[in-house]
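**Student:** Could you have a look at this structure, given as structure tokens, before my questions?
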Amino acid sequence: LLESNPHFLVPQAGQGTLVNGKDGRTVNLLSDEHHGDVEAHIEFLVSKDSNSGVYFHGRYEVQILDSWGVENPESSDCGGIYKRWKDGRGFDGHAPRDNASRPPGQWQTFDVVFRAPRFDADGRKIKNARFEKVIHNDIVFLENVDLTGPTRSSAFDDEKPQGPLMLQGDHGPVAYRNIRVRPLQDQRVEDTP
């Protein structure tokens, strides 16, 4: 953090950390690799009042926000599943059970198990995408949350069986490090259509 203004980050030379600039107004980063079901570990740091997000498949956001001190978190707070958007209104957001946010300028973690949507042979969706588990700073925030479609500000409006990981880069200063994504075997019990 910049001591004279805690709303900014000061990148330093080195390796292994992604920083979206001092004022946090860059492009979103999308992975080259596309995934289906995954387990992900993500470490992040935000400045005061900063906002970002991790989008699985580039579509389904786990919110990153400076939520330090928030007593009743909403879907827009850190660790929540951000709302979908239609006709100027948000819907289908999922608030975290609690607030585990650390103060701005401290490293935090997400550990997420994500299950991709399922499609039949004709390409019709037969199962929603789902966050099986979202853990923020070692506290389980959400479990078994179905996602009816992409959240607001996603890279894509449609749904697919695979997609990239996207790190939101234009809503304020954020840094990322130690991003690990491990593909999972399908362990969901599928209903036959």
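Each chain of the structure tokens is named A, B, ... in the order shown, its residues numbered from 1; ligands are numbered from 1 in display order.
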Do you know which residues are at most 6 Å from range 150-165 of chain A counting only C-alpha atoms, after dropping those on the same chain fewer than 3 positions away, and could you put them as a PyMOL selection string?

**Tutor:** chain A and resi 30-31+33-36+55-60+83-85+116-117

**Student:** When you look at range 128-134 of chain A with a cut-off of 7 Å (counting only C-alpha atoms), what residues show up, excluding the ones that are within fewer than 4 positions of it in the same chain? I need them as a ChimeraX atom specification.

**Tutor:** /A:110-118,140-148

**Student:** Find the spatial neighbours of Ala100 in chain A, counting only C-alpha atoms, within a cut-off of 12 Å - ignore same-chain residues fewer than 5 positions away - and output them as a list of chain:residue names.

**Tutor:**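 Selected residues are A:Ile64, A:Leu65, A:Asp66, A:Ser67, A:Trp68, A:Gly69, A:Val70, A:Glu71, A:Asn72, A:Pro73, A:Asp77, A:Cys78, A:Gly79, A:Gly80, A:Gln108, A:Thr109, A:Phe110, A:Val134, A:Ile135, A:His136, A:Asn137, A:Asp138, A:Ile139, A:Val140, A:Phe141.
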
**Student:** May I ask which of the residues A:Asn99, A:Ser47, A:Ser76, A:Gln106 is the closest one to Gly21 in chain A, counting only C-alpha atoms?

**Tutor:**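 Checking each of A:Asn99, A:Ser47, A:Ser76, A:Gln106 against Gly21 in chain A, counting only C-alpha atoms, the winner is A:Ser47.
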
**Student:** May I have all residues of chain A that DSSP, computed from the backbone, assigns to strand (DSSP E), given as JSON, numbers by chain?

**Tutor:** {"A": [17, 18, 19, 29, 30, 31, 32, 33, 34, 35, 38, 39, 40, 41, 42, 43, 44, 45, 46, 51, 52, 53, 54, 55, 56, 60, 61, 62, 63, 64, 65, 84, 85, 86, 89, 90, 91, 108, 109, 110, 111, 112, 113, 114, 115, 118, 119, 125, 126, 127, 129, 130, 131, 132, 133, 134, 135, 136, 139, 140, 141, 142, 143, 144, 145, 146, 147, 163, 164, 165, 166, 167, 174, 175, 176, 177, 178, 179, 180, 181, 182, 183]}

**Student:** Selection from above, C-alpha atoms, as a PDB file, in the first residue's frame, can you write it?

**Tutor:**
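result_22.pdb was written with the following content:
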```
ATOM      1  CA  THR A  17       3.042 -11.564  -8.237  1.00  0.00           C
ATOM      2  CA  LEU A  18       0.549 -10.000 -10.649  1.00  0.00           C
ATOM      3  CA  VAL A  19      -0.381  -6.378  -9.897  1.00  0.00           C
ATOM      4  CA  LEU A  29      -6.640 -11.357 -17.405  1.00  0.00           C
ATOM      5  CA  LEU A  30      -7.944 -14.619 -18.885  1.00  0.00           C
ATOM      6  CA  SER A  31      -5.988 -17.861 -18.724  1.00  0.00           C
ATOM      7  CA  ASP A  32      -5.004 -19.551 -21.973  1.00  0.00           C
ATOM      8  CA  GLU A  33      -6.029 -22.873 -20.491  1.00  0.00           C
ATOM      9  CA  HIS A  34      -9.716 -23.703 -20.292  1.00  0.00           C
ATOM     10  CA  HIS A  35     -11.050 -25.970 -17.581  1.00  0.00           C
ATOM     11  CA  VAL A  38     -11.489 -27.557 -10.858  1.00  0.00           C
ATOM     12  CA  GLU A  39     -10.079 -27.006  -7.433  1.00  0.00           C
ATOM     13  CA  ALA A  40      -8.342 -23.626  -7.163  1.00  0.00           C
ATOM     14  CA  HIS A  41      -6.137 -21.869  -4.642  1.00  0.00           C
ATOM     15  CA  ILE A  42      -5.791 -18.104  -5.107  1.00  0.00           C
ATOM     16  CA  GLU A  43      -3.925 -15.584  -2.967  1.00  0.00           C
ATOM     17  CA  PHE A  44      -4.822 -11.907  -3.295  1.00  0.00           C
ATOM     18  CA  LEU A  45      -4.203  -8.523  -1.726  1.00  0.00           C
ATOM     19  CA  VAL A  46      -6.415  -5.445  -2.087  1.00  0.00           C
ATOM     20  CA  ASN A  51     -12.791  -4.354  -5.786  1.00  0.00           C
ATOM     21  CA  SER A  52     -11.953  -7.324  -8.005  1.00  0.00           C
ATOM     22  CA  GLY A  53     -13.124 -10.853  -8.645  1.00  0.00           C
ATOM     23  CA  VAL A  54     -12.120 -14.320  -9.769  1.00  0.00           C
ATOM     24  CA  TYR A  55     -14.342 -15.651 -12.554  1.00  0.00           C
ATOM     25  CA  PHE A  56     -14.461 -19.394 -13.098  1.00  0.00           C
ATOM     26  CA  TYR A  60     -19.059 -17.114 -12.467  1.00  0.00           C
ATOM     27  CA  GLU A  61     -17.555 -14.633 -10.012  1.00  0.00           C
ATOM     28  CA  VAL A  62     -16.275 -15.094  -6.500  1.00  0.00           C
ATOM     29  CA  GLN A  63     -16.123 -11.481  -5.321  1.00  0.00           C
ATOM     30  CA  ILE A  64     -12.970  -9.817  -4.022  1.00  0.00           C
ATOM     31  CA  LEU A  65     -13.561  -6.600  -2.111  1.00  0.00           C
ATOM     32  CA  ARG A  84     -26.480 -11.824 -12.123  1.00  0.00           C
ATOM     33  CA  TRP A  85     -27.953  -8.786 -13.858  1.00  0.00           C
ATOM     34  CA  LYS A  86     -31.078  -8.218 -15.951  1.00  0.00           C
ATOM     35  CA  ARG A  89     -31.539  -5.249 -11.415  1.00  0.00           C
ATOM     36  CA  GLY A  90     -29.358  -7.781  -9.648  1.00  0.00           C
ATOM     37  CA  PHE A  91     -30.570 -11.267  -8.746  1.00  0.00           C
ATOM     38  CA  GLN A 108      -5.745 -13.377   1.767  1.00  0.00           C
ATOM     39  CA  THR A 109      -6.716 -16.749   0.301  1.00  0.00           C
ATOM     40  CA  PHE A 110      -9.550 -18.422  -1.556  1.00  0.00           C
ATOM     41  CA  ASP A 111      -9.779 -22.188  -1.883  1.00  0.00           C
ATOM     42  CA  VAL A 112     -12.587 -23.094  -4.259  1.00  0.00           C
ATOM     43  CA  VAL A 113     -14.110 -26.273  -5.651  1.00  0.00           C
ATOM     44  CA  PHE A 114     -16.014 -25.446  -8.841  1.00  0.00           C
ATOM     45  CA  ARG A 115     -18.175 -27.783 -10.926  1.00  0.00           C
ATOM     46  CA  ARG A 118     -23.423 -30.104 -17.758  1.00  0.00           C
ATOM     47  CA  PHE A 119     -24.914 -30.364 -21.229  1.00  0.00           C
ATOM     48  CA  LYS A 125     -27.854 -27.440 -20.254  1.00  0.00           C
ATOM     49  CA  ILE A 126     -28.998 -30.206 -17.921  1.00  0.00           C
ATOM     50  CA  LYS A 127     -27.115 -29.154 -14.752  1.00  0.00           C
ATOM     51  CA  ALA A 129     -22.595 -24.769 -12.696  1.00  0.00           C
ATOM     52  CA  ARG A 130     -21.957 -24.998  -8.977  1.00  0.00           C
ATOM     53  CA  PHE A 131     -19.543 -23.821  -6.348  1.00  0.00           C
ATOM     54  CA  GLU A 132     -19.199 -26.906  -4.163  1.00  0.00           C
ATOM     55  CA  LYS A 133     -17.117 -24.976  -1.680  1.00  0.00           C
ATOM     56  CA  VAL A 134     -15.708 -21.483  -1.252  1.00  0.00           C
ATOM     57  CA  ILE A 135     -13.206 -21.105   1.588  1.00  0.00           C
ATOM     58  CA  HIS A 136     -11.942 -17.618   2.443  1.00  0.00           C
ATOM     59  CA  ILE A 139     -13.253 -20.379   6.768  1.00  0.00           C
ATOM     60  CA  VAL A 140     -15.928 -22.176   4.729  1.00  0.00           C
ATOM     61  CA  PHE A 141     -18.164 -19.430   3.357  1.00  0.00           C
ATOM     62  CA  LEU A 142     -20.396 -21.184   0.864  1.00  0.00           C
ATOM     63  CA  GLU A 143     -21.259 -24.770   0.001  1.00  0.00           C
ATOM     64  CA  ASN A 144     -23.218 -26.303  -2.875  1.00  0.00           C
ATOM     65  CA  VAL A 145     -24.334 -23.053  -4.511  1.00  0.00           C
ATOM     66  CA  ASP A 146     -25.976 -23.563  -7.909  1.00  0.00           C
ATOM     67  CA  LEU A 147     -25.373 -20.881 -10.524  1.00  0.00           C
ATOM     68  CA  GLY A 163     -13.775 -21.895 -19.865  1.00  0.00           C
ATOM     69  CA  PRO A 164     -10.802 -19.823 -18.689  1.00  0.00           C
ATOM     70  CA  LEU A 165     -10.024 -18.447 -15.259  1.00  0.00           C
ATOM     71  CA  MET A 166     -10.453 -14.657 -15.319  1.00  0.00           C
ATOM     72  CA  LEU A 167      -8.960 -12.156 -12.883  1.00  0.00           C
ATOM     73  CA  VAL A 174      -5.325  -5.771  -6.546  1.00  0.00           C
ATOM     74  CA  ALA A 175      -2.387  -8.179  -6.496  1.00  0.00           C
ATOM     75  CA  TYR A 176      -2.460 -11.941  -7.066  1.00  0.00           C
ATOM     76  CA  ARG A 177       0.075 -14.673  -6.353  1.00  0.00           C
ATOM     77  CA  ASN A 178       0.238 -18.458  -5.895  1.00  0.00           C
ATOM     78  CA  ILE A 179      -2.637 -19.233  -8.233  1.00  0.00           C
ATOM     79  CA  ARG A 180      -3.024 -22.985  -8.522  1.00  0.00           C
ATOM     80  CA  VAL A 181      -5.744 -24.683 -10.564  1.00  0.00           C
ATOM     81  CA  ARG A 182      -6.120 -28.464 -10.493  1.00  0.00           C
ATOM     82  CA  PRO A 183      -8.594 -30.242 -12.806  1.00  0.00           C
TER      83      PRO A 183
END
```
